[in-house]
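Chemist: A single structure is presented below for examination.
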Amino acid sequence: MEKNNISVTAVNKNVRSSTRKIALILDFIKGKKADVAIRDLEFTRKRIAHDVRKTVQSAIANAENNYQYDIDSLYVKEAYVGKSIVMKRFRPRAKGRASAIKKPYARITIVLGEKKETKKEIKKKTIKEPIKEIIKEAKK
């Protein structure tokens with residue numbers, strides 16, 4: 001089994017927030033490098049960003065410890081949220097009635113992937129390295 005075909009996931013099962021609020025933040029980090037995503041989540045002014053950041057850090061730890069991925073090449077491949085349980089509470093209303101208050105929970109799933117170097121990036125490296133050596137020799 002090749003290392004590149006394995007997707008690294010982390011799931012936070014019971015997050016006390018609605019799925020719509022979490023989806024805003026997950027859309028914000030999709031496709032970003034893992035370290036950039038953590039940095040952005042740290043400075044996001046949303047309460048739920050803290051729980052999302054913990055989930056991303058857990059996924060990075062899974063990739064490093066279980067699959068020996070290089071942390072610098074990880075990016076957020078997928079980030080999605082689903083419904084979990086809904087706590088139901090009741091408030092007293094007028095005329096002896098009661099109205100329901102729903103307190104939703106959500107399930108956050110973060111999938112990380114490893115970015116491979118493209119042919120253009122490899123080509124740039126192979127072209128730049130000999131040029132740097134030539135410049136160093138010319139300065140001597």
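As shown in the structure tokens, the chain order sets the letters A, B, ...; within each chain, residues go from 1, and ligands are also counted from 1 in the order they appear.
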Mind listing the strand (DSSP E or B) residues of chain A, per DSSP on the backbone, as a ChimeraX atom specification?

Modeler: /A:8-15,33,74-92,98-114

Chemist: Generate a file of the selected residues that holds C-alpha atoms, formatted as a PDB file, in the first residue's frame.

Modeler:
ATOM      1  CA  VAL A   8      -5.349  11.330   6.997  1.00  0.00           C
ATOM      2  CA  THR A   9      -8.502  12.216   8.904  1.00  0.00           C
ATOM      3  CA  ALA A  10      -9.499  13.599  12.249  1.00  0.00           C
ATOM      4  CA  VAL A  11     -13.089  13.707  13.507  1.00  0.00           C
ATOM      5  CA  ASN A  12     -14.430  15.820  16.359  1.00  0.00           C
ATOM      6  CA  LYS A  13     -17.727  14.147  17.158  1.00  0.00           C
ATOM      7  CA  ASN A  14     -19.680  16.403  19.525  1.00  0.00           C
ATOM      8  CA  VAL A  15     -19.105  20.099  18.954  1.00  0.00           C
ATOM      9  CA  LYS A  33      -1.559  24.464   3.854  1.00  0.00           C
ATOM     10  CA  LEU A  74       0.352  18.788   4.317  1.00  0.00           C
ATOM     11  CA  TYR A  75      -2.713  20.703   3.189  1.00  0.00           C
ATOM     12  CA  VAL A  76      -6.424  20.620   4.026  1.00  0.00           C
ATOM     13  CA  LYS A  77      -7.825  18.375   1.327  1.00  0.00           C
ATOM     14  CA  GLU A  78     -11.388  18.261   2.654  1.00  0.00           C
ATOM     15  CA  ALA A  79     -13.165  19.877   5.568  1.00  0.00           C
ATOM     16  CA  TYR A  80     -16.815  19.227   6.168  1.00  0.00           C
ATOM     17  CA  VAL A  81     -19.376  19.215   8.929  1.00  0.00           C
ATOM     18  CA  GLY A  82     -22.382  17.020   9.640  1.00  0.00           C
ATOM     19  CA  LYS A  83     -25.223  16.943  12.119  1.00  0.00           C
ATOM     20  CA  SER A  84     -24.933  15.096  15.377  1.00  0.00           C
ATOM     21  CA  ILE A  85     -27.398  14.951  18.277  1.00  0.00           C
ATOM     22  CA  VAL A  86     -29.871  17.714  19.074  1.00  0.00           C
ATOM     23  CA  MET A  87     -30.650  18.426  22.710  1.00  0.00           C
ATOM     24  CA  LYS A  88     -34.239  19.539  23.229  1.00  0.00           C
ATOM     25  CA  ARG A  89     -35.177  21.896  26.032  1.00  0.00           C
ATOM     26  CA  PHE A  90     -38.486  23.611  26.750  1.00  0.00           C
ATOM     27  CA  ARG A  91     -39.357  27.147  27.819  1.00  0.00           C
ATOM     28  CA  PRO A  92     -42.629  28.103  29.441  1.00  0.00           C
ATOM     29  CA  ALA A  98     -44.317  25.441  26.151  1.00  0.00           C
ATOM     30  CA  SER A  99     -41.994  26.053  23.207  1.00  0.00           C
ATOM     31  CA  ALA A 100     -39.046  23.911  22.245  1.00  0.00           C
ATOM     32  CA  ILE A 101     -35.448  25.115  22.238  1.00  0.00           C
ATOM     33  CA  LYS A 102     -33.131  23.015  20.106  1.00  0.00           C
ATOM     34  CA  LYS A 103     -29.451  22.893  21.003  1.00  0.00           C
ATOM     35  CA  PRO A 104     -27.653  21.309  18.037  1.00  0.00           C
ATOM     36  CA  TYR A 105     -24.361  19.462  18.051  1.00  0.00           C
ATOM     37  CA  ALA A 106     -22.132  18.943  15.035  1.00  0.00           C
ATOM     38  CA  ARG A 107     -19.432  16.565  13.819  1.00  0.00           C
ATOM     39  CA  ILE A 108     -16.323  18.100  12.214  1.00  0.00           C
ATOM     40  CA  THR A 109     -14.243  16.024   9.793  1.00  0.00           C
ATOM     41  CA  ILE A 110     -10.856  17.234   8.528  1.00  0.00           C
ATOM     42  CA  VAL A 111      -9.043  15.318   5.761  1.00  0.00           C
ATOM     43  CA  LEU A 112      -5.406  16.160   5.068  1.00  0.00           C
ATOM     44  CA  GLY A 113      -3.426  15.320   1.976  1.00  0.00           C
ATOM     45  CA  GLU A 114       0.205  15.606   0.992  1.00  0.00           C
TER      46      GLU A 114
END

Chemist: So which bits of chain A end up helix (DSSP H, G or I) when you DSSP the backbone, as a PyMOL selection string?

Modeler: chain A and resi 3-5+19-29+34-42+49-67+71-73+94-96+119-139
